[in-house]
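*Asks:* Input file: protein.json. Contents: JSON, C-alpha atoms.
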```json
[["chain", "number", "residue", "atom", "x", "y", "z"],
["A", 1, "SER", "CA", -4.56, -19.77, 45.45],
["A", 2, "ASN", "CA", -5.64, -23.33, 44.73],
["A", 3, "ILE", "CA", -3.34, -24.94, 42.18],
["A", 4, "THR", "CA", -6.34, -26.11, 40.17],
["A", 5, "HIS", "CA", -7.30, -22.48, 39.56],
["A", 6, "HIS", "CA", -3.98, -20.72, 39.23],
["A", 7, "VAL", "CA", -0.47, -21.70, 38.20],
["A", 8, "THR", "CA", 2.51, -19.35, 38.18],
["A", 9, "ILE", "CA", 5.51, -20.31, 36.05],
["A", 10, "PHE", "CA", 8.87, -18.79, 36.95],
["A", 11, "ASN", "CA", 11.08, -17.58, 34.13],
["A", 12, "LEU", "CA", 14.39, -19.37, 34.40],
["A", 13, "SER", "CA", 15.71, -18.19, 31.05],
["A", 14, "SER", "CA", 18.18, -15.73, 32.57],
["A", 15, "THR", "CA", 21.57, -16.00, 30.93],
["A", 16, "THR", "CA", 23.16, -15.89, 34.38],
["A", 17, "ILE", "CA", 22.04, -19.46, 34.96],
["A", 18, "PRO", "CA", 23.89, -22.18, 32.98],
["A", 19, "LYS", "CA", 21.83, -23.69, 30.17],
["A", 20, "ARG", "CA", 21.91, -27.22, 31.57],
["A", 21, "GLU", "CA", 20.84, -25.97, 35.02],
["A", 22, "ARG", "CA", 18.01, -23.87, 33.51],
["A", 23, "LYS", "CA", 16.69, -26.93, 31.69],
["A", 24, "TYR", "CA", 16.94, -29.04, 34.87],
["A", 25, "ASN", "CA", 15.16, -26.38, 36.94],
["A", 26, "ASN", "CA", 12.35, -26.05, 34.40],
["A", 27, "MET", "CA", 11.86, -29.82, 34.45],
["A", 28, "LYS", "CA", 11.69, -29.74, 38.26],
["A", 29, "ILE", "CA", 9.06, -26.99, 38.26],
["A", 30, "GLN", "CA", 6.93, -28.82, 35.69],
["A", 31, "ALA", "CA", 7.12, -31.99, 37.78],
["A", 32, "ILE", "CA", 6.08, -30.06, 40.92],
["A", 33, "ILE", "CA", 3.14, -28.47, 39.13],
["A", 34, "PHE", "CA", 1.97, -31.82, 37.82],
["A", 35, "SER", "CA", 2.30, -33.45, 41.26],
["A", 36, "LEU", "CA", 0.32, -30.67, 42.96],
["A", 37, "PHE", "CA", -2.36, -30.92, 40.32],
["A", 38, "VAL", "CA", -2.77, -34.67, 40.83],
["A", 39, "LEU", "CA", -2.97, -34.21, 44.61],
["A", 40, "ASN", "CA", -5.82, -31.74, 44.15],
["A", 41, "HIS", "CA", -7.93, -34.12, 42.10],
["A", 42, "SER", "CA", -9.25, -37.58, 42.83],
["A", 43, "VAL", "CA", -8.19, -40.47, 40.63],
["A", 44, "GLU", "CA", -11.62, -40.54, 39.02],
["A", 45, "SER", "CA", -11.66, -36.83, 38.20],
["A", 46, "PHE", "CA", -8.15, -36.83, 36.75],
["A", 47, "GLN", "CA", -7.88, -39.58, 34.15],
["A", 48, "CYS", "CA", -4.65, -39.71, 32.16],
["A", 49, "ARG", "CA", -6.13, -39.91, 28.73],
["A", 50, "PRO", "CA", -6.40, -37.51, 25.80],
["A", 51, "VAL", "CA", -8.16, -34.31, 26.76],
["A", 52, "SER", "CA", -10.09, -34.68, 23.51],
["A", 53, "TYR", "CA", -12.35, -37.09, 25.41],
["A", 54, "ILE", "CA", -13.49, -34.45, 27.90],
["A", 55, "ALA", "CA", -15.73, -32.54, 25.50],
["A", 56, "HIS", "CA", -18.26, -33.99, 23.10],
["A", 57, "SER", "CA", -20.19, -32.44, 20.26],
["A", 58, "HIS", "CA", -22.50, -33.78, 17.58],
["A", 59, "HIS", "CA", -22.43, -33.48, 13.81],
["A", 60, "HIS", "CA", -25.23, -34.95, 11.70],
["A", 61, "GLY", "CA", -26.29, -36.95, 14.73],
["A", 62, "ALA", "CA", -22.90, -38.62, 15.15],
["A", 63, "SER", "CA", -20.83, -38.41, 18.30],
["A", 64, "LYS", "CA", -17.33, -36.96, 18.02],
["A", 65, "ASP", "CA", -14.56, -36.50, 20.54],
["A", 66, "ILE", "CA", -13.23, -32.94, 20.20],
["A", 67, "ILE", "CA", -11.68, -30.19, 22.21],
["A", 68, "THR", "CA", -11.03, -26.75, 20.75],
["A", 69, "LEU", "CA", -8.34, -24.46, 22.09],
["A", 70, "GLN", "CA", -7.81, -20.74, 21.68],
["A", 71, "GLN", "CA", -4.41, -19.08, 21.42],
["A", 72, "THR", "CA", -4.02, -15.96, 23.49],
["A", 73, "SER", "CA", -1.31, -13.30, 23.36],
["A", 74, "ASP", "CA", 0.57, -15.32, 25.94],
["A", 75, "GLU", "CA", 1.36, -18.69, 24.38],
["A", 76, "ASN", "CA", 1.50, -20.25, 27.83],
["A", 77, "SER", "CA", -2.11, -19.26, 28.45],
["A", 78, "VAL", "CA", -4.54, -21.66, 26.84],
["A", 79, "SER", "CA", -8.26, -21.38, 27.42],
["A", 80, "ALA", "CA", -10.73, -24.09, 26.49],
["A", 81, "LYS", "CA", -13.94, -23.26, 24.69],
["A", 82, "LYS", "CA", -15.34, -26.49, 26.11],
["A", 83, "GLY", "CA", -14.42, -28.44, 29.16],
["A", 84, "GLY", "CA", -14.49, -26.41, 32.33],
["A", 85, "GLY", "CA", -12.92, -22.97, 32.29],
["A", 86, "LYS", "CA", -9.78, -22.56, 34.38],
["A", 87, "ARG", "CA", -9.48, -26.24, 35.15],
["A", 88, "ALA", "CA", -9.53, -27.00, 31.42],
["A", 89, "ALA", "CA", -6.84, -24.38, 30.94],
["A", 90, "VAL", "CA", -4.62, -26.18, 33.45],
["A", 91, "MET", "CA", -5.36, -29.48, 31.70],
["A", 92, "ALA", "CA", -4.41, -27.90, 28.40],
["A", 93, "PHE", "CA", -1.14, -26.67, 29.91],
["A", 94, "LEU", "CA", -0.33, -30.14, 31.23],
["A", 95, "ARG", "CA", -1.16, -31.66, 27.89],
["A", 96, "LYS", "CA", 1.13, -29.16, 26.16],
["A", 97, "LYS", "CA", 3.92, -30.30, 28.47],
["A", 98, "GLY", "CA", 3.20, -33.96, 27.64],
["A", 99, "ALA", "CA", 1.73, -34.83, 31.03],
["A", 100, "VAL", "CA", -1.81, -35.68, 29.97],
["A", 101, "GLY", "CA", -1.84, -36.71, 26.32],
["A", 102, "PRO", "CA", -1.93, -35.46, 22.72],
["A", 103, "ASN", "CA", -3.32, -32.18, 21.48],
["A", 104, "THR", "CA", -5.84, -33.22, 18.85],
["A", 105, "ASP", "CA", -6.64, -29.61, 18.09],
["A", 106, "PHE", "CA", -3.70, -28.22, 16.18],
["A", 107, "SER", "CA", -4.92, -24.71, 15.44],
["A", 108, "THR", "CA", -1.91, -23.44, 17.38],
["A", 109, "ALA", "CA", 0.36, -26.42, 16.93],
["A", 110, "MET", "CA", 3.87, -26.59, 15.55],
["A", 111, "GLY", "CA", 3.73, -25.46, 12.00],
["A", 112, "VAL", "CA", 6.67, -26.77, 10.01],
["A", 113, "ASP", "CA", 5.62, -29.12, 7.26],
["A", 114, "GLU", "CA", 6.79, -32.48, 8.44],
["A", 115, "GLY", "CA", 6.67, -31.71, 12.16],
["A", 116, "PRO", "CA", 9.25, -32.99, 14.65],
["A", 117, "VAL", "CA", 10.77, -36.35, 13.82],
["A", 118, "GLY", "CA", 12.28, -38.99, 16.04],
["A", 119, "LYS", "CA", 9.44, -38.86, 18.54],
["A", 120, "ASN", "CA", 6.84, -41.59, 18.45],
["A", 121, "ARG", "CA", 4.02, -40.13, 20.51],
["A", 122, "SER", "CA", 2.20, -43.41, 21.18],
["A", 123, "GLN", "CA", 1.95, -42.80, 24.93],
["A", 124, "VAL", "CA", -1.78, -42.36, 25.58],
["A", 125, "ARG", "CA", -1.92, -43.22, 29.23],
["A", 126, "GLY", "CA", -4.59, -45.63, 30.37],
["A", 127, "MET", "CA", -5.56, -46.56, 26.82],
["A", 128, "GLU", "CA", -2.49, -47.88, 25.05],
["A", 129, "LYS", "CA", -2.20, -51.62, 24.74],
["A", 130, "ALA", "CA", 1.09, -53.34, 25.40],
["A", 131, "LYS", "CA", 3.47, -52.97, 22.47],
["A", 132, "ALA", "CA", 3.45, -56.72, 21.99],
["A", 133, "ALA", "CA", -0.30, -56.63, 21.37],
["A", 134, "TYR", "CA", 0.20, -54.60, 18.19],
["A", 135, "GLN", "CA", 1.43, -55.97, 14.89],
["A", 136, "TRP", "CA", 3.93, -54.15, 12.71],
["A", 137, "CYS", "CA", 2.16, -52.27, 9.93],
["A", 138, "THR", "CA", 4.48, -53.81, 7.35],
["A", 139, "ASP", "CA", 3.55, -57.33, 8.51],
["A", 140, "THR", "CA", -0.20, -56.79, 8.15],
["A", 141, "GLY", "CA", -0.24, -53.96, 5.64],
["A", 142, "ILE", "CA", -2.50, -51.96, 7.97],
["A", 143, "VAL", "CA", -1.34, -48.63, 9.38],
["A", 144, "ASP", "CA", -4.78, -47.73, 10.75],
["A", 145, "ASP", "CA", -8.19, -49.33, 10.26],
["A", 146, "ILE", "CA", -9.89, -47.22, 12.98],
["A", 147, "SER", "CA", -10.21, -50.21, 15.31],
["A", 148, "ASN", "CA", -8.44, -48.46, 18.21],
["A", 149, "GLU", "CA", -9.44, -45.59, 20.45],
["A", 150, "PHE", "CA", -8.78, -42.20, 18.86],
["A", 151, "PRO", "CA", -6.08, -40.94, 18.31],
["A", 152, "MET", "CA", -4.23, -44.28, 18.45],
["A", 153, "THR", "CA", -3.63, -46.17, 15.22],
["A", 154, "SER", "CA", -4.35, -49.88, 15.00],
["A", 155, "SER", "CA", -0.62, -50.49, 14.50],
["A", 156, "GLY", "CA", 0.45, -48.92, 17.80],
["A", 157, "SER", "CA", 1.39, -45.36, 16.87],
["A", 158, "GLU", "CA", -0.59, -42.13, 17.22],
["A", 159, "TRP", "CA", -2.03, -39.44, 14.96],
["A", 160, "SER", "CA", -0.85, -35.88, 15.53],
["A", 161, "GLY", "CA", -1.74, -32.61, 13.80],
["A", 162, "PHE", "CA", 0.45, -29.79, 12.49],
["A", 163, "THR", "CA", -0.12, -26.46, 10.75],
["A", 164, "ASP", "CA", 1.86, -23.64, 9.14],
["A", 165, "GLN", "CA", 1.56, -21.25, 12.12],
["A", 166, "VAL", "CA", 5.14, -21.47, 13.35],
["A", 167, "MET", "CA", 6.18, -20.44, 9.85],
["A", 168, "GLY", "CA", 3.99, -17.34, 10.17],
["A", 169, "GLY", "CA", 0.90, -18.81, 8.53],
["A", 170, "VAL", "CA", -2.63, -18.68, 9.88],
["A", 171, "SER", "CA", -4.07, -22.06, 8.83],
["A", 172, "ILE", "CA", -6.09, -23.82, 11.56],
["A", 173, "GLY", "CA", -7.33, -27.35, 12.06],
["A", 174, "LYS", "CA", -8.20, -30.24, 14.32],
["A", 175, "LEU", "CA", -8.33, -34.04, 14.30],
["A", 176, "LEU", "CA", -11.42, -35.89, 15.46],
["A", 177, "ARG", "CA", -13.31, -39.18, 15.28],
["A", 178, "ASP", "CA", -16.59, -39.08, 13.36],
["A", 179, "ASN", "CA", -19.14, -41.28, 11.63],
["A", 180, "ILE", "CA", -19.63, -40.44, 7.95],
["A", 181, "ASP", "CA", -22.30, -42.31, 5.99],
["A", 182, "GLY", "CA", -22.37, -45.04, 8.62],
["A", 183, "ARG", "CA", -18.61, -45.53, 8.73],
["A", 184, "GLN", "CA", -16.28, -44.65, 11.62],
["A", 185, "CYS", "CA", -13.31, -42.61, 10.54],
["A", 186, "ASN", "CA", -10.72, -40.09, 11.60],
["A", 187, "VAL", "CA", -11.28, -36.60, 10.25],
["A", 188, "MET", "CA", -8.87, -33.83, 9.42],
["A", 189, "LYS", "CA", -10.89, -30.63, 9.66],
["A", 190, "GLY", "CA", -9.76, -27.05, 9.26],
["A", 191, "LYS", "CA", -9.07, -24.09, 7.05],
["A", 192, "VAL", "CA", -5.97, -23.68, 4.90],
["A", 193, "SER", "CA", -4.79, -20.14, 4.24],
["A", 194, "THR", "CA", -1.87, -19.05, 2.07],
["A", 195, "TYR", "CA", -1.60, -15.75, 3.94],
["A", 196, "ASN", "CA", 1.96, -14.77, 4.88],
["A", 197, "ASP", "CA", 3.48, -17.63, 2.86],
["A", 198, "GLY", "CA", 1.59, -20.31, 4.77],
["A", 199, "GLY", "CA", -0.65, -22.92, 3.28],
["A", 200, "PHE", "CA", -1.09, -26.34, 4.88],
["A", 201, "ILE", "CA", -2.57, -28.50, 7.60],
["A", 202, "GLN", "CA", -1.71, -32.14, 8.09],
["A", 203, "MET", "CA", -2.23, -35.26, 10.17],
["A", 204, "ALA", "CA", 0.79, -37.49, 10.68],
["A", 205, "THR", "CA", 1.85, -40.71, 12.35],
["A", 206, "GLU", "CA", 5.12, -42.54, 12.91],
["A", 207, "LEU", "CA", 5.15, -45.99, 11.28],
["A", 208, "SER", "CA", 7.15, -47.84, 13.93],
["A", 209, "LYS", "CA", 5.07, -49.33, 16.70],
["A", 210, "ASP", "CA", 8.05, -49.32, 19.08],
["A", 211, "PRO", "CA", 10.86, -46.77, 18.65],
["A", 212, "ALA", "CA", 12.87, -48.62, 21.28],
["A", 213, "VAL", "CA", 13.22, -51.44, 18.75],
["A", 214, "THR", "CA", 13.49, -49.43, 15.53],
["A", 215, "LEU", "CA", 12.52, -46.00, 14.22],
["A", 216, "THR", "CA", 11.79, -47.30, 10.71],
["A", 217, "VAL", "CA", 9.83, -50.07, 9.02],
["A", 218, "ASP", "CA", 10.57, -52.09, 5.89],
["A", 219, "ALA", "CA", 7.76, -51.75, 3.33],
["A", 220, "SER", "CA", 9.79, -53.07, 0.40],
["A", 221, "GLU", "CA", 7.41, -56.04, 0.00],
["A", 222, "TRP", "CA", 4.53, -53.63, -0.65],
["A", 223, "ASP", "CA", 3.78, -51.63, -3.79],
["A", 224, "GLY", "CA", 2.23, -48.45, -2.42],
["A", 225, "VAL", "CA", -0.16, -46.68, -0.04],
["A", 226, "GLU", "CA", -3.92, -47.25, 0.02],
["A", 227, "LEU", "CA", -6.43, -44.87, 1.62],
["A", 228, "ASP", "CA", -10.19, -44.99, 2.15],
["A", 229, "VAL", "CA", -11.25, -41.34, 2.13],
["A", 230, "HIS", "CA", -14.41, -39.23, 2.17],
["A", 231, "TYR", "CA", -14.25, -35.56, 1.21],
["A", 232, "GLN", "CA", -16.95, -33.07, 2.18],
["A", 233, "GLY", "CA", -16.74, -29.81, 0.24],
["A", 234, "GLU", "CA", -18.22, -27.62, -2.44],
["A", 235, "GLU", "CA", -15.63, -28.26, -5.15],
["A", 236, "GLU", "CA", -16.31, -30.92, -7.79],
["A", 237, "LYS", "CA", -12.93, -32.43, -6.98],
["A", 238, "GLU", "CA", -10.08, -31.68, -4.61],
["A", 239, "ASN", "CA", -6.43, -32.71, -4.24],
["A", 240, "PHE", "CA", -4.61, -33.87, -1.12],
["A", 241, "ASN", "CA", -1.10, -35.19, -0.54],
["A", 242, "VAL", "CA", 0.50, -38.13, 1.17],
["A", 243, "HIS", "CA", 4.00, -37.36, 2.49],
["A", 244, "ILE", "CA", 6.37, -40.10, 3.58],
["A", 245, "ARG", "CA", 9.70, -39.68, 5.37],
["A", 246, "ASN", "CA", 12.48, -42.23, 5.28],
["A", 247, "SER", "CA", 16.10, -42.39, 6.38],
["A", 248, "ALA", "CA", 17.21, -40.27, 3.38],
["A", 249, "CYS", "CA", 15.26, -37.23, 4.60],
["A", 250, "GLU", "CA", 18.12, -35.26, 6.11],
["A", 251, "ARG", "CA", 16.45, -32.05, 7.23],
["A", 252, "ARG", "CA", 14.35, -32.25, 10.34],
["A", 253, "PHE", "CA", 11.63, -30.16, 8.76],
["A", 254, "GLY", "CA", 10.40, -30.20, 5.18],
["A", 255, "SER", "CA", 12.14, -33.23, 3.67],
["A", 256, "SER", "CA", 9.79, -35.93, 2.43],
["A", 257, "TYR", "CA", 8.59, -37.94, -0.54],
["A", 258, "ARG", "CA", 5.20, -36.76, -1.80],
["A", 259, "ALA", "CA", 2.35, -37.97, -3.97],
["A", 260, "THR", "CA", -1.00, -36.32, -4.75],
["A", 261, "PHE", "CA", -4.45, -37.93, -4.92],
["A", 262, "GLU", "CA", -7.77, -36.58, -6.19],
["A", 263, "VAL", "CA", -11.12, -37.01, -4.46],
["A", 264, "HIS", "CA", -14.73, -36.15, -5.25],
["A", 265, "PRO", "CA", -17.17, -34.97, -2.57],
["A", 266, "GLY", "CA", -19.94, -36.94, -0.93],
["A", 267, "GLU", "CA", -18.75, -40.53, -1.31],
["A", 268, "TRP", "CA", -16.26, -42.98, 0.10],
["A", 269, "GLN", "CA", -13.39, -43.68, -2.28],
["A", 270, "THR", "CA", -10.39, -45.99, -2.21],
["A", 271, "VAL", "CA", -7.21, -44.32, -3.40],
["A", 272, "ARG", "CA", -4.00, -46.12, -4.33],
["A", 273, "LEU", "CA", -0.67, -44.33, -4.61],
["A", 274, "PRO", "CA", 2.17, -46.46, -6.02],
["A", 275, "PHE", "CA", 5.52, -45.88, -4.36],
["A", 276, "SER", "CA", 6.85, -45.09, -7.85],
["A", 277, "GLU", "CA", 4.76, -41.89, -7.89],
["A", 278, "PHE", "CA", 6.36, -40.41, -4.75],
["A", 279, "LEU", "CA", 8.81, -37.60, -5.53],
["A", 280, "GLY", "CA", 11.45, -36.24, -3.19],
["A", 281, "HIS", "CA", 11.26, -32.72, -1.72],
["A", 282, "GLY", "CA", 13.91, -31.13, 0.47],
["A", 283, "PRO", "CA", 17.51, -32.06, 1.37],
["A", 284, "GLY", "CA", 18.28, -35.75, 1.08],
["A", 285, "ALA", "CA", 14.96, -36.67, -0.49],
["A", 286, "GLU", "CA", 15.57, -34.66, -3.66],
["A", 287, "GLU", "CA", 18.90, -36.37, -4.29],
["A", 288, "ALA", "CA", 17.88, -39.96, -3.53],
["A", 289, "VAL", "CA", 15.54, -42.45, -5.16],
["A", 290, "PHE", "CA", 12.63, -43.29, -2.87],
["A", 291, "GLU", "CA", 13.80, -46.24, -0.77],
["A", 292, "THR", "CA", 10.92, -48.07, 0.94],
["A", 293, "SER", "CA", 12.96, -50.34, 3.22],
["A", 294, "LYS", "CA", 13.33, -47.65, 5.93],
["A", 295, "LEU", "CA", 10.06, -45.72, 6.16],
["A", 296, "ARG", "CA", 9.60, -43.59, 9.23],
["A", 297, "ARG", "CA", 6.55, -41.32, 9.03],
["A", 298, "LEU", "CA", 3.37, -40.93, 6.97],
["A", 299, "SER", "CA", 1.31, -37.75, 6.69],
["A", 300, "ILE", "CA", -1.94, -36.79, 4.98],
["A", 301, "VAL", "CA", -1.74, -33.16, 3.94],
["A", 302, "SER", "CA", -3.94, -30.37, 2.60],
["A", 303, "ILE", "CA", -1.46, -27.99, 1.04],
["A", 304, "GLY", "CA", -0.92, -25.19, -1.44],
["A", 305, "LYS", "CA", -4.29, -23.45, -1.80],
["A", 306, "PRO", "CA", -6.91, -21.75, 0.40],
["A", 307, "MET", "CA", -9.67, -24.19, 1.23],
["A", 308, "GLU", "CA", -12.04, -25.52, 3.86],
["A", 309, "VAL", "CA", -11.07, -29.07, 4.82],
["A", 310, "TYR", "CA", -13.26, -31.89, 6.06],
["A", 311, "LEU", "CA", -11.53, -35.10, 5.02],
["A", 312, "GLY", "CA", -12.53, -38.44, 6.53],
["A", 313, "ILE", "CA", -9.95, -41.23, 6.56],
["A", 314, "GLY", "CA", -11.40, -44.69, 7.09],
["A", 315, "LYS", "CA", -8.25, -46.70, 6.44],
["A", 316, "VAL", "CA", -4.54, -46.17, 5.85],
["A", 317, "ALA", "CA", -2.66, -49.18, 4.55],
["A", 318, "PHE", "CA", -0.02, -50.59, 2.23],
["A", 319, "TYR", "CA", -1.10, -52.64, -0.78],
["A", 320, "LYS", "CA", 0.30, -55.23, -3.16],
["A", 321, "ASN", "CA", -0.57, -55.45, -6.85]]
```
What is this file in structure tokens?

*Replies:*
Amino acid sequence: SNITHHVTIFNLSSTTIPKRERKYNNMKIQAIIFSLFVLNHSVESFQCRPVSYIAHSHHHGASKDIITLQQTSDENSVSAKKGGGKRAAVMAFLRKKGAVGPNTDFSTAMGVDEGPVGKNRSQVRGMEKAKAAYQWCTDTGIVDDISNEFPMTSSGSEWSGFTDQVMGGVSIGKLLRDNIDGRQCNVMKGKVSTYNDGGFIQMATELSKDPAVTLTVDASEWDGVELDVHYQGEEEKENFNVHIRNSACERRFGSSYRATFEVHPGEWQTVRLPFSEFLGHGPGAEEAVFETSKLRRLSIVSIGKPMEVYLGIGKVAFYKN
């Protein structure tokens, strides 16, 4: 049937085929599927940009760019609640394979705490400025001031979301752009559950604007991290974490330096976390003093307790005393 309505993926995982050949064949099939899909859609109907821009909803009269995905029993089958039925499912598949853009709904995303490292996902096709147009976050002190199209940061990287589901948890969440009390911001929204030893959702970004130049940035001239945040919830106060990875974090998953900040609901607040308050967790980080000259990744995390999350982030920056 028409490729826009039905895609069959062949299983090339047989042990009779050499591993390198299986990987090569899978890449060929994915390329063929993507090419057929493009041929079946006009340039205007198939725009290489985040699928989050396909669907729109409204919250308190403010426009937000969201798409929500459902996980089925077959992890290769993704159906969209919004955005066009089977065609949206194909788009979701292509996005999962990296052909269309980031998955801003991470209810079924990779679940290990720090997510995959070494991959700067700042490749939003059709929207990303030239690398030279961005300034290094350690030159300006600004990681993201919400001046770029979502989910890009203003320093040339990209926000991604992760949950505890790969670890067996059931926490869910999404990232979106919203307007809270007249201020544009990125929002981490979801539900944290500690069921089955889970218990976190997070939004994360690499700090390098160009991994071809360097994977790390030197923030040694700065004194800490500054956030503008707005928490919506029923508790009188709530705690969130900032996790930072540097070159000392040996383990791919879980190693980071962490600090906690407290927020109160219903108002914008500026939070400052001195680098001296960040403590190491996991191999490498636990044994080494926090070195800020080779920072790689920054995450904002809701972790450790069941809770509903609606946290607006209006700015992420470094500060000097």

*Asks:* Within 6 Å of (16.4, -38.0, 4.7), only C-alpha atoms: residues as JSON, numbers by chain?

*Replies:* {"A": [246, 247, 248, 249, 250, 284, 285]}

*Asks:* Could you please take those selected residues and save C-alpha atoms as a short mmCIF file (atom, residue, chain, number, x, y, z; two decimals), keeping the file's coordinate frame?

*Replies:*
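Heads up, here's the output in part39.cif:
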```cif
data_model
loop_
_atom_site.label_atom_id
_atom_site.label_comp_id
_atom_site.auth_asym_id
_atom_site.auth_seq_id
_atom_site.Cartn_x
_atom_site.Cartn_y
_atom_site.Cartn_z
CA ASN A 246 12.48 -42.23 5.28
CA SER A 247 16.10 -42.39 6.38
CA ALA A 248 17.21 -40.27 3.38
CA CYS A 249 15.26 -37.23 4.60
CA GLU A 250 18.12 -35.26 6.11
CA GLY A 284 18.28 -35.75 1.08
CA ALA A 285 14.96 -36.67 -0.49
#
```

*Asks:* For Ser220 in chain A, work out the shell of residues within 10 Å, counting all atoms listed in the file and skipping chain neighbours fewer than 4 positions away, then give it as a ChimeraX atom specification.

*Replies:* /A:138,224,275,291-295

*Asks:* How many Å lie between CA of Gly304 in chain A and CA of Glu286 in chain A, rounded to one decimal?

*Replies:*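 Atom-to-atom, CA of Gly304 in chain A and CA of Glu286 in chain A are spaced 19.1 Å apart.
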
*Asks:* Could you give me, as an MDAnalysis selection string, the residues that sit within 9 Å of (5.3, -39.8, 5.6) in the file's coordinates, counting all atoms listed in the file?

*Replies:* chainID A and resid 114 204:207 242:246 256:258 295:300
